[in-house]
Structure formats: structure tokens, C-alpha cells
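entry28.cif follows; it contains mmCIF, C-alpha atoms and all ligand atoms.
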data_model
loop_
_atom_site.label_atom_id
_atom_site.label_comp_id
_atom_site.auth_asym_id
_atom_site.auth_seq_id
_atom_site.Cartn_x
_atom_site.Cartn_y
_atom_site.Cartn_z
CA MET A 1 -203.72 -24.71 -197.52
CA PRO A 2 -203.65 -20.93 -196.90
CA LYS A 3 -206.13 -19.09 -199.12
CA LYS A 4 -204.82 -15.60 -198.45
CA ILE A 5 -201.10 -15.07 -197.95
CA VAL A 6 -199.87 -11.67 -196.78
CA ILE A 7 -196.17 -10.81 -196.95
CA LEU A 8 -195.00 -7.74 -195.04
CA GLY A 9 -191.81 -6.28 -196.54
CA GLY A 10 -190.61 -5.78 -200.11
CA GLY A 11 -186.86 -6.38 -199.84
CA THR A 12 -185.06 -9.45 -201.19
CA ALA A 13 -186.77 -11.75 -198.66
CA GLY A 14 -190.28 -10.46 -199.40
CA TRP A 15 -190.07 -10.65 -203.19
CA MET A 16 -188.36 -14.05 -203.14
CA ALA A 17 -191.13 -15.38 -200.87
CA ALA A 18 -193.80 -13.83 -203.13
CA ASN A 19 -192.32 -15.51 -206.22
CA LEU A 20 -192.08 -18.89 -204.50
CA PHE A 21 -195.74 -18.72 -203.39
CA ALA A 22 -196.89 -17.50 -206.82
CA LYS A 23 -195.07 -20.42 -208.44
CA ARG A 24 -196.49 -22.98 -205.99
CA TRP A 25 -200.16 -21.94 -206.20
CA THR A 26 -202.29 -20.26 -208.85
CA ALA A 27 -204.08 -17.00 -207.96
CA GLU A 28 -207.35 -18.98 -207.72
CA GLN A 29 -205.84 -21.41 -205.19
CA ALA A 30 -204.19 -18.75 -203.00
CA SER A 31 -203.96 -14.98 -203.26
CA VAL A 32 -200.61 -13.39 -202.41
CA THR A 33 -200.39 -9.76 -201.27
CA LEU A 34 -197.07 -8.03 -200.60
CA ILE A 35 -197.06 -4.82 -198.55
CA GLU A 36 -194.06 -2.51 -198.37
CA SER A 37 -193.50 0.98 -197.11
CA PRO A 38 -191.98 3.34 -199.71
CA ASP A 39 -190.92 5.59 -196.79
CA ILE A 40 -188.89 2.91 -195.01
CA GLY A 41 -187.20 1.39 -198.08
CA ILE A 42 -184.98 -1.67 -198.24
CA ILE A 43 -181.53 -2.26 -196.77
CA GLY A 44 -180.31 -2.48 -200.39
CA VAL A 45 -176.89 -4.05 -199.93
CA GLY A 46 -175.58 -7.47 -200.87
CA GLU A 47 -174.25 -8.12 -204.30
CA GLY A 48 -173.07 -11.69 -204.28
CA SER A 49 -174.78 -15.05 -203.84
CA THR A 50 -174.00 -18.69 -203.21
CA PRO A 51 -175.55 -21.49 -205.38
CA THR A 52 -178.76 -21.14 -203.33
CA LEU A 53 -179.83 -18.32 -205.66
CA LYS A 54 -179.32 -20.60 -208.67
CA ARG A 55 -181.67 -23.12 -207.05
CA PHE A 56 -184.22 -20.35 -206.37
CA PHE A 57 -184.29 -19.35 -210.06
CA GLU A 58 -184.60 -23.02 -211.04
CA ILE A 59 -187.64 -23.40 -208.75
CA VAL A 60 -189.36 -20.29 -210.12
CA GLU A 61 -188.35 -21.34 -213.65
CA VAL A 62 -186.46 -18.24 -214.72
CA PRO A 63 -183.44 -18.93 -216.98
CA ASP A 64 -180.17 -17.04 -216.44
CA ALA A 65 -180.60 -15.39 -219.85
CA ASP A 66 -183.78 -13.63 -218.62
CA TRP A 67 -182.65 -12.06 -215.38
CA MET A 68 -178.84 -11.79 -215.59
CA PRO A 69 -178.65 -9.08 -218.32
CA ARG A 70 -181.35 -7.04 -216.51
CA CYS A 71 -179.40 -7.12 -213.22
CA ASN A 72 -175.84 -6.65 -214.55
CA ALA A 73 -175.06 -10.13 -213.24
CA THR A 74 -171.98 -12.28 -213.71
CA TYR A 75 -171.19 -15.85 -212.70
CA LYS A 76 -169.39 -16.59 -209.44
CA VAL A 77 -167.63 -19.90 -208.81
CA ASN A 78 -165.50 -19.14 -205.80
CA ILE A 79 -164.97 -16.74 -202.90
CA ARG A 80 -161.39 -15.60 -202.51
CA PHE A 81 -160.21 -13.97 -199.28
CA ALA A 82 -157.13 -11.96 -200.16
CA GLY A 83 -154.55 -11.46 -197.40
CA TRP A 84 -155.93 -14.42 -195.44
CA SER A 85 -152.85 -15.30 -193.37
CA PRO A 86 -149.62 -13.99 -194.93
CA GLU A 87 -147.59 -14.69 -191.76
CA SER A 88 -148.32 -18.43 -192.12
CA GLY A 89 -147.58 -18.33 -195.86
CA VAL A 90 -151.21 -18.40 -197.00
CA GLU A 91 -151.60 -15.24 -199.09
CA SER A 92 -155.20 -15.95 -199.97
CA TYR A 93 -157.84 -18.51 -199.11
CA SER A 94 -160.35 -19.69 -201.71
CA HIS A 95 -163.73 -21.22 -201.06
CA PRO A 96 -165.03 -22.81 -204.28
CA PHE A 97 -168.68 -23.88 -204.57
CA VAL A 98 -168.87 -27.68 -204.55
CA SER A 99 -170.35 -29.39 -207.64
CA GLN A 100 -171.59 -32.87 -208.49
CA VAL A 101 -168.34 -33.60 -210.27
CA ASP A 102 -166.44 -33.11 -206.97
CA ALA A 103 -167.97 -36.20 -205.32
CA PHE A 104 -164.67 -38.05 -205.53
CA THR A 105 -162.35 -35.28 -204.29
CA GLN A 106 -164.66 -33.86 -201.61
CA ARG A 107 -164.04 -36.80 -199.27
CA PRO A 108 -160.21 -36.66 -199.41
CA PHE A 109 -160.49 -32.92 -198.76
CA VAL A 110 -162.55 -33.47 -195.59
CA VAL A 111 -160.22 -36.28 -194.45
CA ASN A 112 -157.20 -34.02 -194.99
CA CYS A 113 -158.84 -31.21 -193.00
CA LYS A 114 -159.46 -33.56 -190.08
CA THR A 115 -155.88 -34.83 -190.34
CA ARG A 116 -154.53 -31.28 -190.30
CA ARG A 117 -156.50 -30.56 -187.14
CA LEU A 118 -154.66 -33.50 -185.55
CA GLY A 119 -151.40 -31.66 -186.30
CA LEU A 120 -150.17 -33.21 -189.57
CA ASP A 121 -149.12 -30.95 -192.43
CA VAL A 122 -151.30 -32.25 -195.28
CA HIS A 123 -152.73 -30.45 -198.28
CA THR A 124 -155.99 -28.63 -197.41
CA ARG A 125 -156.38 -25.79 -199.89
CA PRO A 126 -159.97 -26.25 -201.13
CA GLY A 127 -159.26 -24.45 -204.41
CA ASP A 128 -157.11 -27.42 -205.52
CA PHE A 129 -159.76 -30.06 -204.75
CA PHE A 130 -162.81 -28.73 -206.56
CA LEU A 131 -163.66 -28.01 -210.19
CA ASN A 132 -164.78 -24.48 -209.39
CA GLY A 133 -161.42 -23.78 -207.73
CA LEU A 134 -159.68 -24.66 -211.01
CA LEU A 135 -162.15 -22.58 -213.03
CA ALA A 136 -161.54 -19.59 -210.77
CA ALA A 137 -157.76 -19.95 -211.04
CA GLN A 138 -158.07 -19.99 -214.84
CA LYS A 139 -160.70 -17.18 -214.84
CA LYS A 140 -163.22 -19.43 -216.57
CA GLY A 141 -167.00 -19.52 -216.30
CA PRO A 142 -169.10 -22.43 -215.01
CA GLN A 143 -171.23 -23.17 -218.10
CA ALA A 144 -170.41 -26.61 -219.52
CA PRO A 145 -171.48 -27.99 -222.93
CA GLU A 146 -174.82 -29.82 -222.88
CA SER A 147 -173.01 -33.15 -223.30
CA PHE A 148 -171.21 -32.67 -219.94
CA PRO A 149 -172.95 -35.24 -217.72
CA PHE A 150 -172.59 -33.46 -214.33
CA VAL A 151 -174.26 -30.44 -212.73
CA VAL A 152 -171.80 -27.60 -212.13
CA ASP A 153 -172.96 -25.42 -209.26
CA TYR A 154 -172.33 -21.68 -209.21
CA GLY A 155 -173.48 -18.41 -207.69
CA TYR A 156 -173.70 -14.87 -209.07
CA HIS A 157 -172.61 -11.29 -208.59
CA PHE A 158 -175.29 -8.74 -209.42
CA ASP A 159 -176.72 -5.29 -208.78
CA ALA A 160 -178.92 -5.89 -205.70
CA GLY A 161 -181.17 -2.90 -206.48
CA LEU A 162 -181.87 -4.13 -210.03
CA LEU A 163 -182.47 -7.68 -208.78
CA GLY A 164 -185.07 -6.38 -206.30
CA GLU A 165 -186.86 -4.51 -209.11
CA TYR A 166 -186.76 -7.59 -211.35
CA LEU A 167 -188.16 -9.91 -208.66
CA GLY A 168 -190.94 -7.40 -207.95
CA GLU A 169 -191.95 -7.18 -211.62
CA LEU A 170 -191.82 -10.96 -211.97
CA ALA A 171 -194.05 -11.52 -208.93
CA VAL A 172 -196.62 -8.93 -210.05
CA SER A 173 -196.66 -10.44 -213.57
CA ARG A 174 -197.46 -13.80 -211.93
CA GLY A 175 -200.45 -12.45 -210.00
CA VAL A 176 -199.03 -11.04 -206.74
CA THR A 177 -200.84 -7.93 -205.45
CA HIS A 178 -198.45 -5.12 -204.49
CA MET A 179 -199.50 -2.56 -201.85
CA GLN A 180 -197.35 0.43 -200.97
CA THR A 181 -198.20 1.63 -197.50
CA LYS A 182 -196.79 1.61 -193.98
CA ILE A 183 -198.23 -0.84 -191.45
CA VAL A 184 -198.78 1.00 -188.18
CA ASP A 185 -200.68 -1.58 -186.14
CA VAL A 186 -201.31 -5.32 -186.01
CA GLU A 187 -204.63 -6.83 -184.96
CA GLN A 188 -204.37 -10.09 -183.03
CA GLN A 189 -206.93 -12.82 -182.34
CA PRO A 190 -207.73 -13.79 -178.72
CA ASP A 191 -205.22 -16.67 -178.97
CA GLY A 192 -202.48 -14.24 -180.07
CA ASP A 193 -202.42 -15.21 -183.75
CA ILE A 194 -202.27 -12.34 -186.22
CA ALA A 195 -205.67 -11.45 -187.69
CA ALA A 196 -204.98 -8.36 -189.82
CA LEU A 197 -202.50 -5.59 -190.59
CA LEU A 198 -203.61 -1.97 -190.29
CA SER A 199 -202.06 0.62 -192.57
CA GLU A 200 -201.45 4.33 -192.04
CA SER A 201 -203.82 5.00 -194.94
CA GLY A 202 -206.64 3.22 -193.05
CA GLU A 203 -206.70 -0.15 -194.82
CA ARG A 204 -207.20 -3.40 -192.91
CA VAL A 205 -205.48 -6.36 -194.60
CA GLU A 206 -206.69 -9.78 -193.43
CA GLY A 207 -204.87 -13.05 -194.12
CA ASP A 208 -204.68 -16.75 -193.32
CA ILE A 209 -200.91 -16.67 -193.08
CA PHE A 210 -198.57 -13.70 -192.58
CA VAL A 211 -194.89 -13.75 -193.55
CA ASP A 212 -192.60 -11.30 -191.78
CA CYS A 213 -190.03 -9.93 -194.25
CA THR A 214 -189.47 -6.58 -192.52
CA GLY A 215 -185.75 -7.20 -191.96
CA PHE A 216 -184.27 -5.65 -188.82
CA ALA A 217 -187.63 -4.01 -187.96
CA SER A 218 -189.15 -7.49 -187.34
CA VAL A 219 -192.62 -5.94 -187.13
CA LEU A 220 -194.55 -9.21 -186.83
CA MET A 221 -192.12 -11.67 -185.25
CA GLN A 222 -190.41 -9.61 -182.57
CA LYS A 223 -192.61 -6.53 -182.10
CA THR A 224 -195.98 -8.31 -182.30
CA LEU A 225 -195.40 -11.94 -181.32
CA GLY A 226 -192.50 -11.30 -178.94
CA VAL A 227 -190.15 -13.84 -180.56
CA GLU A 228 -186.77 -13.28 -178.92
CA PHE A 229 -183.73 -12.36 -181.02
CA ASP A 230 -181.23 -15.21 -180.85
CA SER A 231 -177.89 -13.41 -180.75
CA PHE A 232 -174.80 -15.01 -182.22
CA LYS A 233 -172.60 -12.26 -180.81
CA ALA A 234 -170.40 -14.51 -178.66
CA ASN A 235 -169.23 -16.36 -181.78
CA LEU A 236 -168.59 -13.39 -184.07
CA PHE A 237 -165.09 -12.08 -184.72
CA ASN A 238 -166.52 -9.00 -186.47
CA ASP A 239 -169.57 -7.18 -185.16
CA SER A 240 -169.75 -4.16 -187.46
CA ALA A 241 -169.31 -3.20 -191.10
CA VAL A 242 -168.58 0.04 -192.95
CA VAL A 243 -170.30 0.16 -196.34
CA MET A 244 -169.79 2.62 -199.19
CA PRO A 245 -170.10 2.56 -202.97
CA CYS A 246 -166.78 2.63 -204.81
CA THR A 247 -165.48 2.19 -208.33
CA ASN A 248 -164.62 -1.30 -209.58
CA SER A 249 -161.08 -2.40 -208.89
CA PRO A 250 -159.22 -3.55 -212.04
C1 LIG B 301 -172.90 -4.71 -195.54
C2 LIG B 301 -173.80 -5.85 -195.95
C3 LIG B 301 -173.41 -6.68 -197.01
C4 LIG B 301 -174.22 -7.75 -197.39
N1 LIG B 301 -173.81 -8.55 -198.41
C5 LIG B 301 -174.59 -9.58 -198.82
C6 LIG B 301 -174.21 -10.39 -199.93
O1 LIG B 301 -173.18 -10.18 -200.56
N2 LIG B 301 -175.03 -11.40 -200.29
C7 LIG B 301 -176.21 -11.65 -199.63
O2 LIG B 301 -176.95 -12.59 -200.02
N3 LIG B 301 -176.59 -10.89 -198.58
C8 LIG B 301 -175.82 -9.86 -198.17
N4 LIG B 301 -176.21 -9.08 -197.12
C9 LIG B 301 -177.47 -9.39 -196.46
C10 LIG B 301 -178.66 -8.93 -197.31
O3 LIG B 301 -178.39 -7.68 -197.89
C11 LIG B 301 -179.87 -8.81 -196.40
O4 LIG B 301 -180.00 -9.97 -195.63
C12 LIG B 301 -181.12 -8.65 -197.22
O5 LIG B 301 -181.02 -7.61 -198.18
C13 LIG B 301 -182.24 -8.32 -196.28
O6 LIG B 301 -183.42 -8.25 -197.03
P1 LIG B 301 -184.81 -8.26 -196.32
O7 LIG B 301 -185.83 -8.37 -197.41
O8 LIG B 301 -184.83 -9.26 -195.22
O9 LIG B 301 -184.94 -6.84 -195.55
P2 LIG B 301 -184.98 -5.24 -196.09
O10 LIG B 301 -184.24 -5.13 -197.36
O11 LIG B 301 -184.54 -4.48 -194.91
O12 LIG B 301 -186.50 -5.06 -196.40
C14 LIG B 301 -187.42 -4.75 -195.37
C15 LIG B 301 -188.75 -4.42 -196.01
O13 LIG B 301 -189.72 -4.29 -194.96
C16 LIG B 301 -190.50 -3.14 -195.20
N5 LIG B 301 -191.04 -2.68 -193.92
C17 LIG B 301 -190.42 -2.58 -192.72
N6 LIG B 301 -191.28 -2.11 -191.78
C18 LIG B 301 -192.47 -1.91 -192.42
C19 LIG B 301 -193.75 -1.43 -192.01
N7 LIG B 301 -194.00 -1.05 -190.75
N8 LIG B 301 -194.74 -1.34 -192.94
C20 LIG B 301 -194.51 -1.72 -194.23
N9 LIG B 301 -193.32 -2.19 -194.66
C21 LIG B 301 -192.32 -2.27 -193.77
C22 LIG B 301 -189.56 -2.14 -195.86
O14 LIG B 301 -190.29 -1.17 -196.59
C23 LIG B 301 -188.78 -3.09 -196.79
O15 LIG B 301 -189.50 -3.26 -197.99
C24 LIG B 301 -175.43 -8.01 -196.71
C25 LIG B 301 -175.84 -7.16 -195.66
C26 LIG B 301 -175.03 -6.11 -195.28
C27 LIG B 301 -175.48 -5.21 -194.13
#
Re-express the file's structure as C-alpha cells.
Amino acid sequence: MPKKIVILGGGTAGWMAANLFAKRWTAEQASVTLIESPDIGIIGVGEGSTPTLKRFFEIVEVPDADWMPRCNATYKVNIRFAGWSPESGVESYSHPFVSQVDAFTQRPFVVNCKTRRLGLDVHTRPGDFFLNGLLAAQKKGPQAPESFPFVVDYGYHFDAGLLGEYLGELAVSRGVTHMQTKIVDVEQQPDGDIAALLSESGERVEGDIFVDCTGFASVLMQKTLGVEFDSFKANLFNDSAVVMPCTNSP
């Protein structure tokens, strides 16, 4: 078991990792230190999640009522792509999150999709097969009464900046040490493993395990250990994005 865990990077990935470690081990069993550079900052975009985020909050035992109001969050049951394929008569395509209650209809949906690929015109709109598709169409939320005997999965929309702040506060309150400094060099052992991180302010941070959460910078994985970037370019229809803040549409 690692005694000293060092996470480099304080974006979503870094703070989620810190909270998972802090939940798994007490501070006496393993110390967790997160280092981030205030000069570099985080990428700071991304405002929607899939049900994976729900599972993360379940693991770290934080109820929706604690974090959602702090992060201006709302529930999300479905992803709707407007203007999907108007020329083929499909004005929008919906992707609902699949829940336990969909066990019966999930299979016919998959069978219909395979049948359609063989050239037969069968019904394959996922929004009609899954509970969350119906909730989305009726603009309803995913919270069922306690007597409802199935788990309804859902994701969230939230303010990514506020969520980052919340996760940082939560991790520190659970014993994670937060260092704000830029790492300018990495010390390696003779076998190539990472031994310590060296900061611009002269600190040397040792660890038993290092977690690279530096995003595109990939300070430990690519720059230090030479792990090659596995490009998915050949399979991408879009290879760029233009991002800007804008007012909410009605
Ligand atoms: C346009 C766009 C839309 C997106 N939409 C979504 C979405 O809706 N939902 C979703 O889940 N995801 C979305 N994403 C993806 C998501 O935003 C990113 O995957 C995620 O924020 C990346 O977080 P990160 O912690 O890996 O990296 P970053 O946020 O880039 O954090 C990197 C951290 O490393 C630190 N660091 C780097 N170098 C050093 C150094 N030398 N010394 C010390 N610290 C260092 C920085 O200070 C920072 O704290 C979107 C991305 C884009 C570009």
C-alpha cells in the first residue's frame, strides 16, 4: 500500500483523485498531497456529466443536497442533439441514460439497432425505450419516491469552476495537503521510476506513488516517462472546438 501519494495537478482529475484516495485510506494509513500551479490554472470547461459523476459522489459519500446547491447544479437525464439529421426526417436525436428499470426494454432496443443495420426500417429511437427518455420528454426530474424499487441513473449539469472549488475544499477537509507551486523538474531513480518533484520555490516532494493530473501538459507521463500519446485523430469527425461564455437560451 502506498504510504505517500502525490498528485500533480488541481483540475477536475486531480481533486477527484484526491477525494477518492482520502476516502479509501485515513491520513495515518496514507498521506495525500496535491500540488497545483496557480500560474498555470485549470482548463476550466465542461459543465455536464454522465451518471459516472453520480457514482463518484456515492463512493465519496457526498449527498446531492450537499454539493448541488453550492455548484448551481441541476439533474440531467438525457443528451439531446438538436438538428441531428433533418434531411432523413430525424430532427433531433436523444441519448437517455440507461437505468435499472430499463432491463427489459434495453434488449429489444439493441436488437432493433442491429436489425436496422441489416437494412430493415424498425423503431430505434432510444428516447422511446428508456425511462429517462420519457422523463426528458415530459421535462421531469429523476428522483423517485423511496418506495420505488429500482435505481434511476442520472447525470448533472453544473458550474465547473464551482465544482472544482467544492472538491478542493472537501479533499482538504478530509486531510489532503494542498501545495500551490509550479513543478519545474522531476527527479528519477536509476530504474526510471519517479523519486521526487522539484518546485520552483525550491521544495523537493518525495512520494511512493505519483498521479499525473496535469491535463494536456502531461508533465509526468509524457514529458518525464516518455509515454506516447495515443491519437484517435483518424476516427474523429470533429478535431476542434470554439468555446465562449454566453447567456442561457430560454
Ligand atoms: C470545450 C470543452 C468542453 C468540455 N465539456 C465537458 C463536459 O461537458 N463534461 C465533461 O465531463 N468534460 C468536458 N470536457 C473535458 C474536461 O473539461 C476536461 O477533461 C477536464 O476539465 C480536464 O481536467 P484535468 O484535471 O485533467 O486538467 P486541467 O483542468 O487542465 O488541470 C491541470 C492541472 O495541472 C496543473 N499543472 C500543470 N502543469 C503543472 C506544473 N508544471 N506544476 C504544477 N501544476 C501543474 C495545473 O495547475 C492544473 O491544476 C470539455 C473539454 C473541452 C475542451
Using only C-alpha atoms and all ligand atoms, I'd like a table of the residues in chain A that come within 6 Å of ligand LIG 301 (chain B); for each, show the closest atom pair and its distance in Å rounded to one decimal, ordered by chain and ascending number, as a Markdown table.
| residue | atom | partner | partner_atom | distance |
| --- | --- | --- | --- | --- |
| A:Leu8 | CA | B:LIG301 | N9 | 5.8 |
| A:Gly9 | CA | B:LIG301 | O13 | 3.3 |
| A:Gly10 | CA | B:LIG301 | O15 | 3.5 |
| A:Gly11 | CA | B:LIG301 | O7 | 3.3 |
| A:Thr12 | CA | B:LIG301 | O7 | 4.0 |
| A:Ala13 | CA | B:LIG301 | O7 | 3.7 |
| A:Gly14 | CA | B:LIG301 | O7 | 5.3 |
| A:Ile35 | CA | B:LIG301 | C20 | 5.9 |
| A:Glu36 | CA | B:LIG301 | N9 | 3.8 |
| A:Ser37 | CA | B:LIG301 | O14 | 3.9 |
| A:Pro38 | CA | B:LIG301 | O14 | 5.7 |
| A:Ile40 | CA | B:LIG301 | O14 | 4.6 |
| A:Gly41 | CA | B:LIG301 | O14 | 4.3 |
| A:Ile42 | CA | B:LIG301 | O10 | 3.6 |
| A:Ile43 | CA | B:LIG301 | O10 | 4.0 |
| A:Gly44 | CA | B:LIG301 | O10 | 5.6 |
| A:Val45 | CA | B:LIG301 | O3 | 4.4 |
| A:Gly46 | CA | B:LIG301 | C5 | 3.1 |
| A:Glu47 | CA | B:LIG301 | O1 | 4.4 |
| A:Gly48 | CA | B:LIG301 | O1 | 4.0 |
| A:Ser49 | CA | B:LIG301 | O2 | 5.0 |
| A:Thr181 | CA | B:LIG301 | C20 | 6.0 |
| A:Lys182 | CA | B:LIG301 | N8 | 3.7 |
| A:Ile183 | CA | B:LIG301 | N8 | 3.8 |
| A:Val184 | CA | B:LIG301 | N7 | 5.8 |
| A:Cys213 | CA | B:LIG301 | O8 | 5.3 |
| A:Thr214 | CA | B:LIG301 | O13 | 3.4 |
| A:Gly215 | CA | B:LIG301 | O9 | 3.7 |
| A:Ala217 | CA | B:LIG301 | N6 | 5.6 |
| A:Ala241 | CA | B:LIG301 | C1 | 5.9 |
| A:Val243 | CA | B:LIG301 | C1 | 5.6 |
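Minimum atom-to-atom distance to A:Phe21, evaluated using all atoms listed in the file, belongs to A:Val211 out of A:Val242, A:Val211, A:Ala136, A:Leu53.
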Q: For A:Phe148, please output as a list of chain:residue names all residues within 12 Å (counting all atoms listed in the file; exclusion window: fewer than 4 positions along the same chain).
A: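 What passes the distance filter is A:Gln100, A:Val101, A:Pro142, A:Gln143, A:Ala144, A:Val152.
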Q: Would you please work out which residue, of A:Ser94, A:Ser31, A:Thr26, A:Ser231, is nearest to A:Lys4 when using all atoms listed in the file?
A: A:Ser31
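Atom CA of A:Tyr154 sits 8.0 Å away from atom CA of A:Asn78.
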Q: Find the residue from A:Tyr166, A:Tyr156, A:Phe210, A:Phe56 that sits nearest to A:Lys3; use all atoms listed in the file when measuring.
A: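 Looking at the shortest contact to A:Lys3, the residue is A:Phe210.
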Q. If you measure from atom CA of A:Asp193 to atom CA of A:Leu34, what distance in Å do you get, rounded to one decimal?
A.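 So the answer is 19.1 Å.
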Q.
Give me, as an MDAnalysis selection string, all polymer residues having an atom no more than 9 Å from A:Glu165, counting all atoms listed in the file and skipping those fewer than 5 positions away in the same chain.
A. chainID A and resid 71 160 170
Q: May I ask for the distance between atom CA of A:Glu91 and atom CA of A:Thr50, given in Å to one decimal place?
A: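 For atom CA of A:Glu91 relative to atom CA of A:Thr50, the distance reads 23.0 Å.
Minimum atom-to-atom distances from A:Phe104, A:Arg174, A:Ala234, A:Gly155 to A:Val60 were compared using only C-alpha atoms, and the lowest value belongs to A:Arg174.
The smallest atom-to-atom distance between A:Gln106 and any of A:Glu206, A:Asp128, A:Glu61, A:Glu87, using only C-alpha atoms, is found for A:Asp128.
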Q. Leaving out A:Asp64 and any residue of its chain fewer than 2 positions from it, which residues lie within 10 Å of it when counting all atoms listed in the file, given as a list of chain:residue names?
A.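 Once the adjacent positions are removed, what remains is A:Lys54, A:Phe57, A:Glu58, A:Glu61, A:Val62, A:Asp66, A:Trp67, A:Met68, A:Pro69, A:Ala73, A:Thr74, A:Tyr75.
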(Q) Which residues are near A:Val122? Cut-off 8 Å, all atoms listed in the file, ignore same chain within fewer than 4 positions. Put them as a PyMOL selection string. (A) chain A and resi 112-113+115-116
Keeping only C-alpha atoms, write those residues as a compact mmCIF listing (two decimals), keeping the file's coordinate frame.
# COMPACT_ATOMS: atom_id res chain seq x y z
CA ASN A 112 -157.20 -34.02 -194.99
CA CYS A 113 -158.84 -31.21 -193.00
CA THR A 115 -155.88 -34.83 -190.34
CA ARG A 116 -154.53 -31.28 -190.30
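Here the question is which of A:Asp153, A:Asp159, A:Glu28, A:Asp102 gets nearest to A:Leu131 using all atoms listed in the file, and that residue is A:Asp102.
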Which residues come within 10 Å of A:Ser173, counting only C-alpha atoms, excluding same-chain residues fewer than 5 positions away, as a short mmCIF file (atom, residue, chain, number, x, y, z; two decimals) with C-alpha atoms, in the frame of the given file?
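Full text of result_30.cif as output:
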data_model
loop_
_atom_site.label_atom_id
_atom_site.label_comp_id
_atom_site.auth_asym_id
_atom_site.auth_seq_id
_atom_site.Cartn_x
_atom_site.Cartn_y
_atom_site.Cartn_z
CA ASN A 19 -192.32 -15.51 -206.22
CA ALA A 22 -196.89 -17.50 -206.82
CA LEU A 167 -188.16 -9.91 -208.66
CA GLY A 168 -190.94 -7.40 -207.95
#
Q: Please determine the residues with any atom at most 10 Å from (-198.9, -10.5, -189.6) (coordinates as given in the file, with all atoms listed in the file counting) and report them as an MDAnalysis selection string.
A: chainID A and resid 5:8 183 185:188 193:198 205:212 219:221 224:225
